[in-house]
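Novice: This is entry_13.txt (compact mmCIF, C-alpha atoms and all ligand atoms).
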# COMPACT_ATOMS: atom_id res chain seq x y z
CA MET H 374 8.32 -22.33 -4.88
CA ALA H 375 9.64 -20.52 -7.94
CA GLY H 376 6.80 -19.19 -10.04
CA ASP H 377 6.26 -19.80 -13.72
CA LEU H 378 7.14 -16.74 -15.77
CA GLY H 379 4.84 -17.57 -18.69
CA ARG H 380 1.86 -18.22 -16.43
CA GLY H 381 2.62 -15.06 -14.48
CA ARG H 382 2.70 -12.95 -17.64
CA LEU H 383 -0.64 -14.35 -18.74
CA LYS H 384 -2.16 -13.69 -15.32
CA ILE H 385 -1.01 -10.08 -15.36
CA GLU H 386 -2.20 -9.64 -18.96
CA TRP H 387 -5.61 -11.00 -17.96
CA ALA H 388 -5.79 -8.66 -14.98
CA ARG H 389 -4.71 -5.63 -17.00
CA SER H 390 -7.22 -6.34 -19.74
CA HIS H 391 -10.00 -6.18 -17.10
CA MET H 392 -8.69 -3.08 -15.31
CA PRO H 393 -9.66 -0.27 -17.69
CA VAL H 394 -9.68 2.49 -15.08
CA LEU H 395 -6.16 1.70 -13.87
CA GLU H 396 -4.95 1.27 -17.43
CA GLY H 397 -6.30 4.72 -18.31
CA ILE H 398 -4.34 6.16 -15.39
CA ARG H 399 -1.28 4.21 -16.46
CA ALA H 400 -1.47 5.76 -19.95
CA ARG H 401 -1.54 9.25 -18.43
CA PHE H 402 1.29 8.38 -16.02
CA GLU H 403 3.35 7.21 -18.98
CA ARG H 404 3.01 10.65 -20.56
CA GLU H 405 3.29 12.80 -17.43
CA LYS H 406 5.78 10.83 -15.28
CA PRO H 407 4.52 12.14 -11.92
CA PHE H 408 6.83 9.83 -9.95
CA GLU H 409 10.09 10.56 -11.79
CA GLY H 410 13.00 10.17 -9.37
CA LEU H 411 10.83 8.83 -6.52
CA VAL H 412 11.16 5.52 -4.68
CA LEU H 413 7.79 3.95 -3.93
CA SER H 414 7.63 1.03 -1.49
CA ALA H 415 4.41 -0.98 -1.61
CA VAL H 416 3.41 -3.70 0.84
CA LEU H 417 0.46 -5.42 -0.77
CA HIS H 418 -0.91 -8.85 -1.55
CA VAL H 419 1.46 -9.64 -4.39
CA GLU H 420 -0.70 -11.19 -7.08
CA ALA H 421 -1.52 -10.33 -10.68
CA LYS H 422 -3.80 -7.35 -10.00
CA THR H 423 -1.26 -5.84 -7.64
CA CYS H 424 1.41 -6.27 -10.31
CA ALA H 425 -0.79 -4.28 -12.69
CA LEU H 426 -0.73 -1.46 -10.10
CA ALA H 427 3.04 -1.76 -9.67
CA LEU H 428 3.55 -1.54 -13.43
CA ALA H 429 1.25 1.50 -13.69
CA LEU H 430 3.24 3.29 -10.98
CA ARG H 431 6.48 2.33 -12.67
CA ALA H 432 5.14 3.67 -15.96
CA GLY H 433 4.79 6.96 -14.08
CA GLY H 434 8.52 6.97 -13.38
CA ALA H 435 8.53 5.45 -9.88
CA ASP H 436 11.26 3.12 -8.68
CA VAL H 437 8.71 0.62 -7.35
CA ARG H 438 9.58 -2.00 -4.74
CA LEU H 439 7.07 -4.61 -3.65
CA ALA H 440 6.81 -6.81 -0.57
CA ALA H 441 4.18 -9.30 0.51
CA GLY H 442 1.32 -8.01 2.65
CA ASN H 443 0.67 -11.49 4.00
CA PRO H 444 2.73 -14.72 4.01
CA LEU H 445 -0.03 -16.74 2.31
CA SER H 446 -1.39 -14.32 -0.28
CA THR H 447 1.51 -14.24 -2.75
CA ASP H 448 1.13 -15.61 -6.28
CA ASP H 449 4.61 -16.86 -7.19
CA ASP H 450 3.83 -16.80 -10.93
CA ALA H 451 2.92 -13.13 -10.77
CA VAL H 452 6.09 -12.46 -8.75
CA ALA H 453 8.22 -14.12 -11.44
CA ALA H 454 6.59 -11.96 -14.12
CA VAL H 455 6.78 -8.64 -12.29
CA ARG H 456 10.41 -9.30 -11.33
CA ASP H 457 11.10 -10.01 -14.98
CA GLU H 458 9.73 -6.53 -15.69
CA GLY H 459 12.39 -5.19 -13.33
CA VAL H 460 10.28 -4.54 -10.23
CA GLU H 461 12.23 -5.51 -7.09
CA THR H 462 9.88 -7.87 -5.26
CA HIS H 463 10.21 -9.57 -1.86
CA ALA H 464 7.46 -12.15 -1.67
CA VAL H 465 7.19 -15.90 -1.76
CA ARG H 466 4.04 -17.84 -0.99
CA GLY H 467 4.22 -19.50 2.42
CA GLU H 468 7.15 -17.36 3.57
CA SER H 469 8.02 -17.38 7.27
CA VAL H 470 7.22 -14.49 9.55
CA ALA H 471 10.96 -13.70 9.61
CA GLU H 472 11.03 -13.53 5.79
CA TYR H 473 7.91 -11.37 5.81
CA ARG H 474 9.56 -8.96 8.26
CA GLN H 475 12.75 -8.98 6.24
CA GLY H 476 10.77 -7.94 3.15
CA LEU H 477 9.36 -4.95 5.01
CA ALA H 478 12.78 -4.00 6.40
CA THR H 479 14.28 -4.12 2.90
CA LEU H 480 11.55 -1.86 1.56
CA LEU H 481 12.16 0.65 4.31
CA ALA H 482 15.91 0.48 3.78
CA ALA H 483 15.28 1.67 0.19
CA ASP H 484 14.47 5.04 1.82
CA PRO H 485 11.10 5.48 0.08
CA HIS H 486 9.44 8.78 -0.78
CA ILE H 487 6.02 7.14 -0.85
CA ILE H 488 4.59 4.13 0.99
CA VAL H 489 1.60 2.20 -0.31
CA ASP H 490 0.45 0.07 2.60
CA ASP H 491 -2.12 -2.61 3.33
CA GLY H 492 -2.56 -3.08 7.06
CA ALA H 493 -0.06 -0.33 8.04
CA ASP H 494 2.78 -2.72 8.86
CA LEU H 495 5.33 -0.73 6.83
CA VAL H 496 4.10 2.54 8.32
CA ALA H 497 4.44 1.02 11.80
CA LEU H 498 7.98 -0.08 10.99
CA ALA H 499 8.84 3.39 9.69
CA HIS H 500 7.60 4.84 12.97
CA GLY H 501 9.91 2.57 14.93
CA ARG H 502 13.09 3.38 13.03
CA ALA H 503 15.76 5.87 13.96
CA GLY H 504 15.67 8.84 11.58
CA GLY H 505 11.92 9.32 11.77
CA ARG H 506 10.20 10.60 8.64
CA GLY H 507 13.32 10.52 6.45
CA ARG H 508 12.24 11.53 2.98
CA ILE H 509 8.81 9.90 3.22
CA ARG H 510 6.24 12.26 1.68
CA GLY H 511 3.38 10.16 2.90
CA SER H 512 1.58 6.85 2.77
CA THR H 513 -1.63 5.49 1.37
CA GLU H 514 -3.62 2.85 3.25
CA GLU H 515 -6.04 0.38 1.83
CA THR H 516 -7.61 -1.51 4.74
CA THR H 517 -9.96 -0.80 7.63
CA THR H 518 -7.39 -2.41 9.94
CA GLY H 519 -4.60 -0.15 8.67
CA VAL H 520 -6.72 2.97 9.04
CA ILE H 521 -7.51 2.04 12.66
CA ARG H 522 -3.74 1.88 13.32
CA LEU H 523 -3.09 5.18 11.53
CA ARG H 524 -5.80 6.93 13.52
CA ALA H 525 -4.28 5.57 16.76
CA LEU H 526 -0.90 7.04 15.71
CA GLU H 527 -2.59 10.34 14.85
CA ARG H 528 -4.49 10.47 18.18
CA SER H 529 -1.33 9.85 20.17
CA GLY H 530 0.48 12.65 18.30
CA GLN H 531 3.07 10.22 16.96
CA LEU H 532 2.15 10.25 13.26
CA LEU H 533 5.28 11.28 11.34
CA PHE H 534 3.94 11.92 7.83
CA PRO H 535 0.62 12.47 6.05
CA ALA H 536 -1.38 9.36 5.34
CA ILE H 537 -4.22 9.02 2.84
CA ASP H 538 -7.10 6.85 3.96
CA VAL H 539 -7.99 5.14 0.69
CA ASN H 540 -10.15 2.60 2.52
CA ASP H 541 -12.88 5.07 3.35
CA ALA H 542 -13.18 6.56 -0.13
CA ASP H 543 -16.60 5.68 -1.55
CA MET H 544 -15.13 3.99 -4.61
CA LYS H 545 -13.11 1.74 -2.30
CA HIS H 546 -15.16 0.58 0.65
CA LEU H 547 -18.55 0.49 -1.07
CA PHE H 548 -17.26 -2.01 -3.62
CA ASP H 549 -13.97 -3.60 -2.51
CA ASN H 550 -15.09 -4.25 1.05
CA ARG H 551 -18.62 -5.30 0.15
CA TYR H 552 -18.61 -6.96 -3.28
CA GLY H 553 -14.90 -7.80 -3.28
CA THR H 554 -14.72 -9.42 0.14
CA GLY H 555 -18.18 -10.93 -0.32
CA GLN H 556 -17.33 -12.78 -3.53
CA SER H 557 -13.70 -13.64 -2.75
CA THR H 558 -14.49 -14.99 0.72
CA LEU H 559 -17.10 -17.28 -0.75
CA GLU H 560 -14.63 -18.31 -3.46
CA GLY H 561 -11.90 -19.07 -0.90
CA PHE H 562 -14.33 -21.06 1.23
CA LEU H 563 -15.53 -23.12 -1.73
CA ALA H 564 -12.03 -23.73 -3.07
CA ALA H 565 -10.78 -24.90 0.32
CA THR H 566 -13.71 -27.12 1.23
CA ASN H 567 -15.65 -28.16 -1.91
CA LEU H 568 -18.72 -28.21 0.39
CA LEU H 569 -22.30 -27.11 -0.12
CA VAL H 570 -23.31 -23.77 1.34
CA ALA H 571 -27.08 -24.11 0.86
CA GLY H 572 -28.85 -25.21 4.01
CA LYS H 573 -25.89 -24.55 6.30
CA VAL H 574 -25.95 -22.13 9.20
CA CYS H 575 -23.28 -19.53 8.48
CA VAL H 576 -22.32 -17.12 11.25
CA VAL H 577 -20.81 -13.87 9.99
CA ALA H 578 -18.95 -11.97 12.70
CA GLY H 579 -18.95 -8.25 11.97
CA TYR H 580 -21.43 -6.28 9.89
CA GLY H 581 -19.20 -3.56 8.49
CA TRP H 582 -18.97 -3.27 4.71
CA CYS H 583 -17.03 -6.54 4.48
CA GLY H 584 -19.47 -8.37 6.72
CA LYS H 585 -22.43 -7.05 4.72
CA GLY H 586 -20.87 -8.47 1.56
CA VAL H 587 -20.04 -11.84 3.10
CA ALA H 588 -23.51 -12.19 4.65
CA ALA H 589 -25.22 -11.29 1.37
CA ARG H 590 -23.16 -13.71 -0.70
CA PHE H 591 -23.53 -16.68 1.67
CA ARG H 592 -27.26 -15.98 1.83
CA GLY H 593 -27.26 -15.85 -1.96
CA LEU H 594 -26.03 -19.44 -2.05
CA GLY H 595 -28.73 -20.52 0.35
CA ALA H 596 -27.08 -20.37 3.76
CA ASP H 597 -29.08 -19.51 6.86
CA VAL H 598 -26.95 -16.52 7.91
CA ILE H 599 -26.64 -15.31 11.51
CA VAL H 600 -24.77 -12.05 12.19
CA THR H 601 -22.85 -11.20 15.36
CA GLU H 602 -21.87 -7.62 16.23
CA ILE H 603 -20.61 -5.46 19.08
CA ASP H 604 -22.09 -2.28 17.59
CA PRO H 605 -25.83 -1.91 18.29
CA VAL H 606 -26.45 0.24 15.19
CA ARG H 607 -24.89 -2.31 12.88
CA ALA H 608 -26.75 -5.06 14.72
CA ILE H 609 -30.05 -3.33 13.94
CA GLU H 610 -28.96 -2.82 10.33
CA ALA H 611 -28.25 -6.55 10.01
CA ARG H 612 -31.57 -7.39 11.64
CA LEU H 613 -33.52 -5.14 9.26
CA ASP H 614 -31.56 -6.60 6.35
CA GLY H 615 -33.26 -9.84 7.35
CA PHE H 616 -30.59 -11.66 9.34
CA ARG H 617 -30.82 -13.15 12.80
CA VAL H 618 -28.44 -11.28 15.11
CA LEU H 619 -27.16 -13.20 18.13
CA ARG H 620 -24.35 -13.15 20.64
CA MET H 621 -21.42 -15.23 19.42
CA LEU H 622 -21.90 -17.75 22.22
CA ASP H 623 -25.45 -18.48 21.04
CA ALA H 624 -24.61 -18.30 17.34
CA ALA H 625 -21.65 -20.67 17.79
CA ARG H 626 -23.94 -23.45 19.08
CA GLU H 627 -25.81 -23.45 15.74
CA ALA H 628 -22.93 -22.76 13.36
CA ASP H 629 -21.85 -25.00 10.51
CA ILE H 630 -19.59 -22.22 9.23
CA VAL H 631 -18.18 -19.17 11.01
CA VAL H 632 -16.61 -16.34 8.99
CA THR H 633 -14.92 -13.52 10.89
CA VAL H 634 -14.66 -10.07 9.28
CA THR H 635 -14.43 -7.72 12.24
CA GLY H 636 -10.92 -6.25 12.05
CA SER H 637 -10.75 -7.05 15.78
CA THR H 638 -9.14 -9.83 17.78
CA GLY H 639 -10.23 -12.96 19.70
CA VAL H 640 -13.68 -13.01 18.11
CA VAL H 641 -13.87 -16.81 18.24
CA ARG H 642 -12.13 -17.99 21.40
CA ALA H 643 -12.16 -20.86 23.91
CA GLU H 644 -15.67 -20.24 25.25
CA HIS H 645 -17.08 -20.38 21.70
CA LEU H 646 -14.92 -23.29 20.56
CA LYS H 647 -16.27 -25.33 23.47
CA VAL H 648 -19.86 -25.15 22.16
CA LEU H 649 -19.29 -25.63 18.41
CA LYS H 650 -20.94 -28.55 16.65
CA ASP H 651 -18.84 -31.42 15.32
CA GLY H 652 -17.48 -30.49 11.89
CA CYS H 653 -17.81 -26.72 12.21
CA LEU H 654 -15.69 -24.77 9.70
CA LEU H 655 -13.92 -21.60 10.79
CA ALA H 656 -12.70 -19.01 8.31
CA ASN H 657 -11.35 -15.50 8.61
CA SER H 658 -11.46 -12.70 6.06
CA GLY H 659 -10.25 -9.94 8.37
CA HIS H 660 -6.79 -8.56 7.62
CA PHE H 661 -4.87 -10.21 10.48
CA ASP H 662 -4.94 -13.83 11.64
CA VAL H 663 -6.09 -12.88 15.14
CA GLU H 664 -9.87 -13.12 14.81
CA VAL H 665 -10.05 -16.86 15.42
CA SER H 666 -7.84 -17.73 18.39
CA ARG H 667 -5.51 -20.43 17.13
CA ARG H 668 -3.90 -20.53 20.53
CA ASP H 669 -7.22 -21.47 22.12
CA LEU H 670 -7.92 -24.01 19.38
CA GLU H 671 -4.52 -25.62 19.83
CA GLY H 672 -4.99 -25.54 23.62
CA LEU H 673 -8.31 -27.40 23.43
CA ALA H 674 -7.26 -29.87 20.72
CA VAL H 675 -5.93 -33.34 21.47
CA SER H 676 -4.76 -33.90 17.91
CA HIS H 677 -4.38 -32.05 14.68
CA ARG H 678 -3.89 -32.92 11.00
CA THR H 679 -4.18 -31.36 7.58
CA ALA H 680 -7.46 -32.65 6.14
CA ARG H 681 -7.05 -30.92 2.75
CA PRO H 682 -4.90 -28.09 1.46
CA ASN H 683 -5.94 -25.02 3.47
CA VAL H 684 -8.05 -27.08 5.90
CA GLU H 685 -6.63 -27.96 9.34
CA GLU H 686 -8.61 -30.44 11.42
CA TYR H 687 -8.49 -30.06 15.20
CA ARG H 688 -9.92 -32.92 17.26
CA LEU H 689 -11.15 -31.88 20.68
CA ALA H 690 -11.11 -34.07 23.82
CA ASP H 691 -14.79 -35.05 23.43
CA GLY H 692 -14.21 -36.18 19.83
CA ARG H 693 -15.66 -33.12 18.08
CA ARG H 694 -13.75 -31.92 15.03
CA VAL H 695 -13.25 -28.25 14.25
CA TYR H 696 -11.80 -27.16 10.89
CA LEU H 697 -9.72 -24.03 10.52
CA LEU H 698 -9.32 -22.74 6.97
CA ALA H 699 -6.08 -21.17 5.71
CA GLU H 700 -4.53 -21.15 9.20
CA GLY H 701 -6.98 -18.41 10.16
CA ARG H 702 -5.41 -16.03 7.62
CA LEU H 703 -7.37 -14.20 4.94
CA VAL H 704 -9.29 -17.09 3.38
CA ASN H 705 -10.07 -15.11 0.24
CA LEU H 706 -6.42 -14.69 -0.68
CA ALA H 707 -4.89 -17.77 0.93
CA ALA H 708 -7.43 -20.23 -0.49
CA GLY H 709 -8.97 -18.05 -3.22
CA GLN H 710 -7.64 -15.63 -5.78
CA GLY H 711 -8.43 -12.41 -3.94
CA HIS H 712 -11.00 -9.88 -5.00
CA PRO H 713 -12.46 -9.93 -8.51
CA VAL H 714 -10.32 -8.05 -11.02
CA GLU H 715 -12.88 -5.32 -11.79
CA ILE H 716 -13.12 -4.51 -8.08
CA MET H 717 -9.36 -4.18 -7.65
CA ASP H 718 -9.41 -1.93 -10.73
CA LEU H 719 -11.36 0.61 -8.67
CA SER H 720 -9.30 0.23 -5.49
CA PHE H 721 -5.96 0.37 -7.26
CA ALA H 722 -7.06 3.32 -9.40
CA LEU H 723 -7.63 5.18 -6.13
CA GLN H 724 -4.28 3.98 -4.79
CA ALA H 725 -2.53 5.23 -7.93
CA LEU H 726 -4.22 8.65 -7.79
CA SER H 727 -3.56 8.97 -4.04
CA ALA H 728 0.11 8.10 -4.54
CA GLU H 729 0.25 10.74 -7.28
CA LEU H 730 -1.22 13.27 -4.85
CA LEU H 731 1.55 12.44 -2.38
CA ALA H 732 4.19 12.72 -5.09
CA LYS H 733 2.97 16.19 -6.00
CA GLU H 734 1.83 17.60 -2.66
CA GLY H 735 3.09 15.27 0.08
CA THR H 736 5.75 17.66 1.34
CA SER H 737 3.16 20.41 1.92
CA LEU H 738 0.29 18.28 3.27
CA ALA H 739 -0.45 18.51 7.00
CA VAL H 740 0.78 15.54 9.02
CA ARG H 741 -2.52 13.81 9.66
CA VAL H 742 -4.81 11.18 8.17
CA HIS H 743 -6.41 12.65 5.04
CA ALA H 744 -9.51 11.51 3.20
CA VAL H 745 -9.16 10.90 -0.52
CA PRO H 746 -10.25 14.19 -2.15
CA PRO H 747 -13.84 13.78 -3.43
CA GLU H 748 -12.80 14.81 -6.94
CA LEU H 749 -10.48 11.78 -7.16
CA ASP H 750 -13.23 9.48 -5.90
CA ARG H 751 -15.62 10.87 -8.53
CA ALA H 752 -13.02 10.68 -11.29
CA VAL H 753 -12.67 6.95 -10.61
CA ALA H 754 -16.46 6.55 -10.55
CA ARG H 755 -16.86 8.39 -13.87
CA ALA H 756 -14.13 6.33 -15.51
CA ALA H 757 -15.78 3.11 -14.25
CA LEU H 758 -19.27 3.92 -15.54
CA GLY H 759 -18.81 2.72 -19.11
CA PRO H 760 -16.76 -0.41 -18.32
CA LEU H 761 -19.28 -1.46 -15.66
CA GLY H 762 -22.23 -0.87 -17.97
CA ALA H 763 -23.72 2.19 -16.30
CA ALA H 764 -24.47 5.71 -17.44
CA VAL H 765 -25.63 8.83 -15.62
CA ASP H 766 -27.69 11.81 -16.70
CA GLU H 767 -26.26 15.30 -16.72
CA PRO H 768 -28.29 17.52 -14.40
CA THR H 769 -30.33 20.14 -16.24
CA ARG H 770 -29.76 23.83 -15.54
CA GLU H 771 -33.07 23.81 -13.66
CA GLN H 772 -31.93 20.87 -11.51
CA LEU H 773 -28.64 22.57 -10.67
CA LYS H 774 -30.51 25.72 -9.66
CA TYR H 775 -32.98 23.68 -7.61
CA ALA H 776 -30.15 21.88 -5.78
CA ASP H 777 -28.70 25.28 -4.83
CA SER H 778 -31.93 26.79 -3.55
CA TRP H 779 -33.81 26.38 -0.31
CA GLU H 780 -37.24 26.38 -1.94
CA GLY H 781 -39.25 23.18 -2.13
CA GLY H 782 -42.43 22.29 -4.06
CA THR H 783 -45.92 23.41 -3.22
N1 LIG M 801 -5.75 -8.57 -4.43
C1 LIG M 801 -4.79 -7.65 -4.30
N2 LIG M 801 -4.96 -6.93 -3.20
C2 LIG M 801 -6.07 -7.42 -2.61
C3 LIG M 801 -6.77 -7.09 -1.44
N3 LIG M 801 -6.37 -6.09 -0.66
N4 LIG M 801 -7.84 -7.80 -1.11
C4 LIG M 801 -8.23 -8.80 -1.90
N5 LIG M 801 -7.65 -9.16 -3.03
C5 LIG M 801 -6.57 -8.46 -3.38
Spit out the file's structure as structure tokens when you get a sec.
Ligand code: ADE
Specialist:
Amino acid sequence: MAGDLGRGRLKIEWARSHMPVLEGIRARFEREKPFEGLVLSAVLHVEAKTCALALALRAGGADVRLAAGNPLSTDDDAVAAVRDEGVETHAVRGESVAEYRQGLATLLAADPHIIVDDGADLVALAHGRAGGRGRIRGSTEETTTGVIRLRALERSGQLLFPAIDVNDADMKHLFDNRYGTGQSTLEGFLAATNLLVAGKVCVVAGYGWCGKGVAARFRGLGADVIVTEIDPVRAIEARLDGFRVLRMLDAAREADIVVTVTGSTGVVRAEHLKVLKDGCLLANSGHFDVEVSRRDLEGLAVSHRTARPNVEEYRLADGRRVYLLAEGRLVNLAAGQGHPVEIMDLSFALQALSAELLAKEGTSLAVRVHAVPPELDRAVARAALGPLGAAVDEPTREQLKYADSWEGGT
């Protein structure tokens, strides 16, 4: 559906007015033009906050092209507004997989110098094309899932250009994955269902930073949260954070709600679906729609209907109903509005600074997966202190000396 330009402009204005760190970077980009003459292809969830990033990069001189990072996460109003600003954008909410792929292909055909990726789909496509690296200086990656794919390329010796792992920067994963995914998953769940969370058993699959956030927020609304994990260390962490930790098969028997945030595949599959209670709600906040097996759900179901927007009801042979939210795609973006603006301010500030690093040094960087330099991480933290209502002390000379010495107290 065509978006509304006026609404889109207002949404972007709202986002920008709550993204002080990114706006500060934009002001510097405007003066310094670090991307002059460079094509920058970005595959992201195209909504207002992302448009603020695109406009900041464009202010720095980049020829920015945008494509959807997910068929259901696009905000058509924001697309109308960012297109009106002259940013070539390939995204429409509810697009088909073929349209999604076409968007990526078009972005690659623009022969980018820099790729900003979310899930590494564009990087994967670049690795499959004839012509190899072309003029790509490097890519930045924003998700755990994308970093897993980049590391696999690196391990197999096939990585063609440097990639910056934005996901693992402190100012990204500590806040975006935890507080961003925590709040936006809850928001998506509530918007889709209009149901009470208090008193329900909510199973959270995965206790990485995203899972920690989701578990904390559902507990905050009064859910009885059970965590499932495959990693024993994280399982212990969840246990000592006060959650029950069970195998999925046992957790599924009790679940009113299951939220998957593992970054893996087939987390909820036939064996689990067979033991769910009538009315159980399944949601995914992992990057790809593979965590809840839709194939298994469709295989077990005798009928299916749309119960509400973003809620599919599957009736099983014994009469039980199982509800899948947002087709098993990212519930926080498909049914909600994505992460809170202030959180994306931090993540996109890091994206902008990492893209600038590639613009300046990409051709001389080693072809491997790079961490975000700590000084960039700290620059974003410092810039965020005031806006987020925090202040830090300067260490005294004595404290600096103490930190550098091996002596302790008496
Ligand atoms: N909004 C824009 N990008 C997003 C992301 N990666 N996750 C959640 N909300 C977003």
Novice: For ligand LIG 801 (chain M), which residue out of H:Val539, H:Leu749, H:Val618, H:Leu430 is the nearest one, using all atoms listed in the file?
Specialist: H:Val539
Novice: Wanna dump the chain H-ligand LIG 801 (chain M) contacts at 6 Å for me, each residue with its shortest atom pair and the distance in Å to one decimal, counting all atoms listed in the file, ordered by chain and number, as CSV?
Specialist:
residue,atom,partner,partner_atom,distance
H:His418,CA,M:LIG801,N2,4.8
H:Lys422,CA,M:LIG801,C1,5.8
H:Thr423,CA,M:LIG801,C1,5.2
H:Gly711,CA,M:LIG801,N5,3.5
H:His712,CA,M:LIG801,N5,4.0
Novice: Measuring atom to atom with all atoms listed in the file, identify which of H:Ile509, H:Val640, H:Cys424, H:Leu523 is nearest to Glu461 of chain H.
Specialist: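 Selected residue with least distance to Glu461 of chain H: H:Cys424.
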Novice: When you look at Ala739 of chain H with a cut-off of 12 Å (counting only C-alpha atoms), what residues show up, excluding the ones that are within fewer than 3 positions of it in the same chain? I need them as a CSV table (one decimal) with C-alpha atoms, in the coordinates of the input.
Specialist:
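Here's the written file result_20.csv:
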chain,number,residue,atom,x,y,z
H,510,ARG,CA,6.2,12.3,1.7
H,511,GLY,CA,3.4,10.2,2.9
H,527,GLU,CA,-2.6,10.3,14.8
H,532,LEU,CA,2.2,10.2,13.3
H,533,LEU,CA,5.3,11.3,11.3
H,534,PHE,CA,3.9,11.9,7.8
H,535,PRO,CA,0.6,12.5,6.0
H,536,ALA,CA,-1.4,9.4,5.3
H,537,ILE,CA,-4.2,9.0,2.8
H,731,LEU,CA,1.6,12.4,-2.4
H,734,GLU,CA,1.8,17.6,-2.7
H,735,GLY,CA,3.1,15.3,0.1
H,736,THR,CA,5.8,17.7,1.3
H,742,VAL,CA,-4.8,11.2,8.2
H,743,HIS,CA,-6.4,12.6,5.0
Novice: Point out the residue among H:Ala674, H:Tyr473, H:Val765, H:Trp582 with the least atom-to-atom distance to Asp543 of chain H, counting all atoms listed in the file.
Specialist: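 Result for the nearest residue to Asp543 of chain H: H:Trp582.
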Novice: Give me, please, the distance in Å between atom CA of Gly615 of chain H and atom CA of Asp629 of chain H, quoted to one decimal.
Specialist: 19.2 Å
Novice: Compile the contact shell of Ser666 of chain H as a list in words: residues with an atom at most 10 Å away, counting only C-alpha atoms, same-chain residues fewer than 6 positions apart removed.
Specialist: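 Surrounding residues, per the criterion: Thr638, Gly639, Val640, Val641, Arg642, Ala643, Leu646, Gly672 and Gly701 of chain H.
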